[in-house]
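Encoded as structure tokens, the structure appears first; notes follow it.
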Amino acid sequence: MKQLLLVCTFLISGLAFAQESPRQHRIIMQLTSGDTLVHKGLMRQLNNMKEAAPNMQLEVVCHGPGMDLLMSDRSIVAGKVKEFADNGVTFLACDNTIRERQLDPAKVLPDAGHVKAGIIHIVERQEDGWSYIKAGF
Amino acid sequence: MKQLLLVCTFLISGLAFAQESPRQHRIIMQLTSGDTLVHKGLMRQLNNMKEAAPNMQLEVVCHGPGMDLLMSDRSIVAGKVKEFADNGVTFLACDNTIRERQLDPAKVLPDAGHVKAGIIHIVERQEDGWSYIKAGF
Amino acid sequence: MKQLLLVCTFLISGLAFAQESPRQHRIIMQLTSGDTLVHKGLMRQLNNMKEAAPNMQLEVVCHGPGMDLLMSDRSIVAGKVKEFADNGVTFLACDNTIRERQLDPAKVLPDAGHVKAGIIHIVERQEDGWSYIKAGF
């Protein structure tokens with residue numbers, strides 16, 4: 001009985017701790033839109049999120065038309081992307097998209113990381129407990 | 001050994017109960033679109049959801065262009081919003097959006113609650129186990 | 001104390017196993033767009049996903065304008081849908097949408113399954129631990 005009590009105490013105190021400590025958000029965003037208004041809006045949102053939760057972990061996966069955000073010859077917010085990347089936001093380019101859209105890999109912003117398949121990466125992050133946000137209107 | 005058995009029995013019966021009892025859905029919806037067709041479609045969806053799951057907890061976070069749903073001078077479904085709010089649906093206005101779009105706070109529908117940063121609220125709900133649905137086409 | 005140790009060992013080895021075994025993805029996709037460019041893009045995505053994760057469980061819920069994907073007289077990718085369905089992808093038609101849009105049930109592709117309320121089905125899958133992806137740009 002004592003052991004059962006111990007296990008329960010352990011579980012309950014664990015839960016209490018989870019409630020009380022400041023939350024460490026882990027957020028996986030998906031950008032599929034090539035609309036420059038969406039790209040500008042996303043930059044504003046990242047600003048707000050950084051302000052509200054400075055310690056969050058944030059990854060932005062760009063695929064399909066959304067890859068334009070990360071192409072040096074197409075992005076209208078390349079400067080902002082660099083700024084956020086320098087401040088801990090991770091931007092990820094989808095290699096499947098680069099191949100299918102025949103984009104020039106040399107023109108992908110140097111601030112971006114790479115994933116093989118954008119959606120599968122988003123799925124794996126959700127499996128690890130990250131929260132999913134689809135960008136765009 | 002008896003204690004271990006007890007713990008396992010407790011865990012297993014807990015799982016069985018979770019399967020058998022009618023589910024209490026908790027749903028966090030995100031509206032970012034200002035398109036009035038999307039707003040009308042959303043009202044139809046809320047109707048269907050209320051019918052299929054009368055006891056669900058439902059919050060609709062409006063931000064970006066989606067804030068139009070909750071502005072008395074812009075919303076084409078203000079009557080419906082009031083009706084759903086009276087029936088337990090929570091609509092939440094994003095204060096960051098109000099400030100950035102320089103919307104008049106006095107014109108936000110009185111049926112709406114407020115959150116500071118829409119996306120962070122959606123993330124926290126997901127962390128608490130709510131299911132996320134992005135509205136719009 | 002021995003029992004407590006046993007419980008902990010059991011829990012920890014369970015976690016280790018979850019980390020090491022290849023992941024069995026369970027993915028619930030939502031299609032609400034009637035845009036044929038979105039439908040073509042979705043077919044490309046399903047291809048990529050099948051290649052990256054051949055053993056995933058995948059359901060695509062079509063509702064609202066997204067039901068066009070599954071209507072024999074509207075879909076521009078009916079052949080592809082059949083092909084994916086034959087390879088284990090589940091397409092689900094929303095009966096609420098069929099009724100509201102007064103679509104002819106006889107024209108729904110025979111490869112599609114049915115759900116009563118699309119969004120509630122997506123919510124229940126998330127409750128069961130499936131990862132959610134919203135299709136479209």
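Following the order of the structure tokens, chains are lettered A, B, ..., residues in each are numbered from 1, and ligands are numbered from 1.
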
Discussion item. With 10 Å as the limit and counting only C-alpha atoms, what residues in chain C lie close to chain B? Please list them as JSON, numbers by chain.
Written reply: {"C": [2, 3, 4, 5, 6, 7, 30, 31, 32, 33, 34, 35, 63, 64, 65, 66, 96, 97, 100, 116, 117, 118, 119, 120, 122, 123, 124, 125, 126, 127, 129, 132, 133, 134, 135, 136, 137]}

Practice prompt. Find the residues near Thr90 in chain A: any atom within 8 Å, counting only C-alpha atoms, skip ones fewer than 2 places away on the same chain, and give them as number ranges by chain.
Written response: A: 58-60, 85, 88, 92, 112-113

I need the chosen residues saved as an mmCIF file, in the first residue's frame, with C-alpha atoms.
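The resulting selection20.cif:
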```
data_model
loop_
_atom_site.group_PDB
_atom_site.id
_atom_site.type_symbol
_atom_site.label_atom_id
_atom_site.label_comp_id
_atom_site.auth_asym_id
_atom_site.auth_seq_id
_atom_site.Cartn_x
_atom_site.Cartn_y
_atom_site.Cartn_z
ATOM 1 C CA LEU A 58 9.429 27.527 -32.930
ATOM 2 C CA GLU A 59 9.897 25.877 -36.286
ATOM 3 C CA VAL A 60 8.333 27.163 -39.506
ATOM 4 C CA ALA A 85 16.610 33.006 -37.471
ATOM 5 C CA GLY A 88 16.230 31.334 -32.435
ATOM 6 C CA LEU A 92 12.842 24.667 -42.671
ATOM 7 C CA ALA A 112 17.040 27.957 -43.554
ATOM 8 C CA GLY A 113 17.442 24.345 -42.482
#
```

Mind fitting chain B to chain A by least squares on all Cα atoms in order and giving back the moved coordinates as a CSV table (one decimal) with C-alpha atoms, in the first residue's frame?
```csv
chain,number,residue,atom,x,y,z
B,1,MET,CA,0.4,0.2,0.1
B,2,LYS,CA,3.2,2.5,0.9
B,3,GLN,CA,4.6,2.0,-2.6
B,4,LEU,CA,1.3,2.8,-4.2
B,5,LEU,CA,1.1,5.9,-2.2
B,6,LEU,CA,4.6,6.9,-3.3
B,7,VAL,CA,3.8,6.3,-7.0
B,8,CYS,CA,0.6,8.4,-6.6
B,9,THR,CA,2.4,11.2,-4.8
B,10,PHE,CA,5.0,11.2,-7.5
B,11,LEU,CA,2.4,11.4,-10.3
B,12,ILE,CA,0.3,14.0,-8.6
B,13,SER,CA,3.3,16.3,-7.7
B,14,GLY,CA,4.5,15.9,-11.3
B,15,LEU,CA,1.1,17.1,-12.5
B,16,ALA,CA,1.1,20.0,-10.1
B,17,PHE,CA,4.5,21.0,-11.2
B,18,ALA,CA,3.4,21.0,-14.9
B,19,GLN,CA,0.6,23.4,-14.0
B,20,GLU,CA,2.7,25.8,-12.0
B,21,SER,CA,5.9,26.2,-13.9
B,22,PRO,CA,5.9,28.6,-16.9
B,23,ARG,CA,5.1,26.7,-20.0
B,24,GLN,CA,7.7,25.8,-22.5
B,25,HIS,CA,5.8,26.1,-25.8
B,26,ARG,CA,6.9,24.0,-28.7
B,27,ILE,CA,5.2,25.1,-31.9
B,28,ILE,CA,5.3,23.7,-35.4
B,29,MET,CA,4.0,26.1,-38.0
B,30,GLN,CA,3.2,25.2,-41.6
B,31,LEU,CA,3.4,27.7,-44.4
B,32,THR,CA,2.0,26.6,-47.8
B,33,SER,CA,1.0,30.0,-49.2
B,34,GLY,CA,3.0,32.0,-51.7
B,35,ASP,CA,0.9,35.1,-51.1
B,36,THR,CA,3.2,37.9,-50.0
B,37,LEU,CA,0.5,39.4,-47.8
B,38,VAL,CA,0.5,36.1,-45.9
B,39,HIS,CA,4.3,36.3,-45.6
B,40,LYS,CA,4.1,39.8,-44.2
B,41,GLY,CA,1.4,38.8,-41.8
B,42,LEU,CA,3.4,35.8,-40.7
B,43,MET,CA,6.3,38.1,-39.8
B,44,ARG,CA,4.0,40.2,-37.6
B,45,GLN,CA,2.7,37.0,-36.0
B,46,LEU,CA,6.2,35.8,-35.2
B,47,ASN,CA,6.9,39.2,-33.6
B,48,ASN,CA,3.8,38.9,-31.4
B,49,MET,CA,4.6,35.3,-30.5
B,50,LYS,CA,8.2,36.1,-29.5
B,51,GLU,CA,6.9,38.9,-27.3
B,52,ALA,CA,4.3,36.7,-25.6
B,53,ALA,CA,6.5,33.6,-25.3
B,54,PRO,CA,10.2,34.5,-25.5
B,55,ASN,CA,11.4,31.0,-24.6
B,56,MET,CA,9.2,29.1,-27.0
B,57,GLN,CA,10.7,26.6,-29.5
B,58,LEU,CA,9.3,27.5,-32.9
B,59,GLU,CA,9.8,25.8,-36.3
B,60,VAL,CA,8.3,27.1,-39.5
B,61,VAL,CA,8.1,24.5,-42.2
B,62,CYS,CA,7.8,26.0,-45.7
B,63,HIS,CA,6.6,23.8,-48.6
B,64,GLY,CA,4.6,24.1,-51.8
B,65,PRO,CA,4.2,27.7,-52.8
B,66,GLY,CA,5.2,28.6,-49.2
B,67,MET,CA,8.8,27.9,-50.2
B,68,ASP,CA,8.9,31.4,-51.8
B,69,LEU,CA,9.4,32.7,-48.2
B,70,LEU,CA,12.9,31.1,-48.2
B,71,MET,CA,14.0,31.9,-51.8
B,72,SER,CA,16.5,34.8,-52.0
B,73,ASP,CA,15.1,35.7,-55.4
B,74,ARG,CA,11.4,35.6,-54.4
B,75,SER,CA,11.1,36.4,-50.7
B,76,ILE,CA,10.0,39.9,-49.7
B,77,VAL,CA,10.9,39.3,-46.1
B,78,ALA,CA,14.4,37.8,-46.3
B,79,GLY,CA,15.8,40.3,-43.9
B,80,LYS,CA,13.1,39.5,-41.3
B,81,VAL,CA,13.7,35.8,-41.8
B,82,LYS,CA,17.4,36.3,-41.0
B,83,GLU,CA,16.5,38.3,-38.0
B,84,PHE,CA,14.2,35.7,-36.5
B,85,ALA,CA,16.6,32.9,-37.4
B,86,ASP,CA,19.3,34.8,-35.4
B,87,ASN,CA,16.8,34.9,-32.5
B,88,GLY,CA,16.2,31.2,-32.4
B,89,VAL,CA,13.3,30.6,-34.8
B,90,THR,CA,14.0,27.7,-37.1
B,91,PHE,CA,12.9,27.9,-40.8
B,92,LEU,CA,12.8,24.6,-42.7
B,93,ALA,CA,12.8,24.2,-46.4
B,94,CYS,CA,11.1,21.1,-48.0
B,95,ASP,CA,13.5,19.3,-50.3
B,96,ASN,CA,10.6,17.6,-52.1
B,97,THR,CA,9.2,21.0,-53.0
B,98,ILE,CA,12.7,22.2,-54.2
B,99,ARG,CA,12.9,19.2,-56.5
B,100,GLU,CA,9.3,19.4,-57.8
B,101,ARG,CA,9.2,23.1,-58.4
B,102,GLN,CA,12.8,22.9,-59.8
B,103,LEU,CA,13.9,25.7,-57.5
B,104,ASP,CA,17.6,26.5,-57.4
B,105,PRO,CA,19.0,25.1,-54.1
B,106,ALA,CA,21.7,27.7,-54.1
B,107,LYS,CA,19.1,30.4,-53.8
B,108,VAL,CA,17.5,29.0,-50.6
B,109,LEU,CA,18.3,31.5,-47.8
B,110,PRO,CA,21.3,30.3,-45.8
B,111,ASP,CA,19.3,30.8,-42.6
B,112,ALA,CA,17.0,27.9,-43.5
B,113,GLY,CA,17.4,24.3,-42.4
B,114,HIS,CA,16.1,21.4,-44.6
B,115,VAL,CA,13.7,18.5,-44.2
B,116,LYS,CA,13.0,15.8,-46.8
B,117,ALA,CA,9.2,15.8,-46.6
B,118,GLY,CA,7.6,18.8,-45.0
B,119,ILE,CA,4.3,17.2,-43.9
B,120,ILE,CA,6.0,14.1,-42.4
B,121,HIS,CA,8.2,16.4,-40.3
B,122,ILE,CA,5.1,18.3,-39.1
B,123,VAL,CA,3.5,15.0,-38.2
B,124,GLU,CA,6.5,13.8,-36.3
B,125,ARG,CA,6.6,17.0,-34.3
B,126,GLN,CA,3.0,16.6,-33.4
B,127,GLU,CA,3.7,13.0,-32.3
B,128,ASP,CA,6.4,14.4,-30.0
B,129,GLY,CA,3.8,16.8,-28.4
B,130,TRP,CA,4.4,20.0,-30.3
B,131,SER,CA,1.4,22.2,-31.1
B,132,TYR,CA,0.5,22.7,-34.8
B,133,ILE,CA,-0.5,26.0,-36.3
B,134,LYS,CA,-1.3,26.3,-40.0
B,135,ALA,CA,-0.2,29.8,-41.2
B,136,GLY,CA,-2.2,31.8,-43.8
B,137,PHE,CA,-5.7,33.2,-44.1
```

Item to complete: Using DSSP on the backbone, list every residue of range 9-100 of chain A that comes out as helix (DSSP H, G or I), and give them as a ChimeraX atom specification.
Response: /A:9-20,36-52,64-70,78-86,95-100

Worksheet item: Hey, what does DSSP flag as strand (DSSP E) within chain A? Can you give it to me as a VMD selection string?
Response: chain A and resid 26 to 31 57 to 62 90 to 94 112 to 115 131 to 134
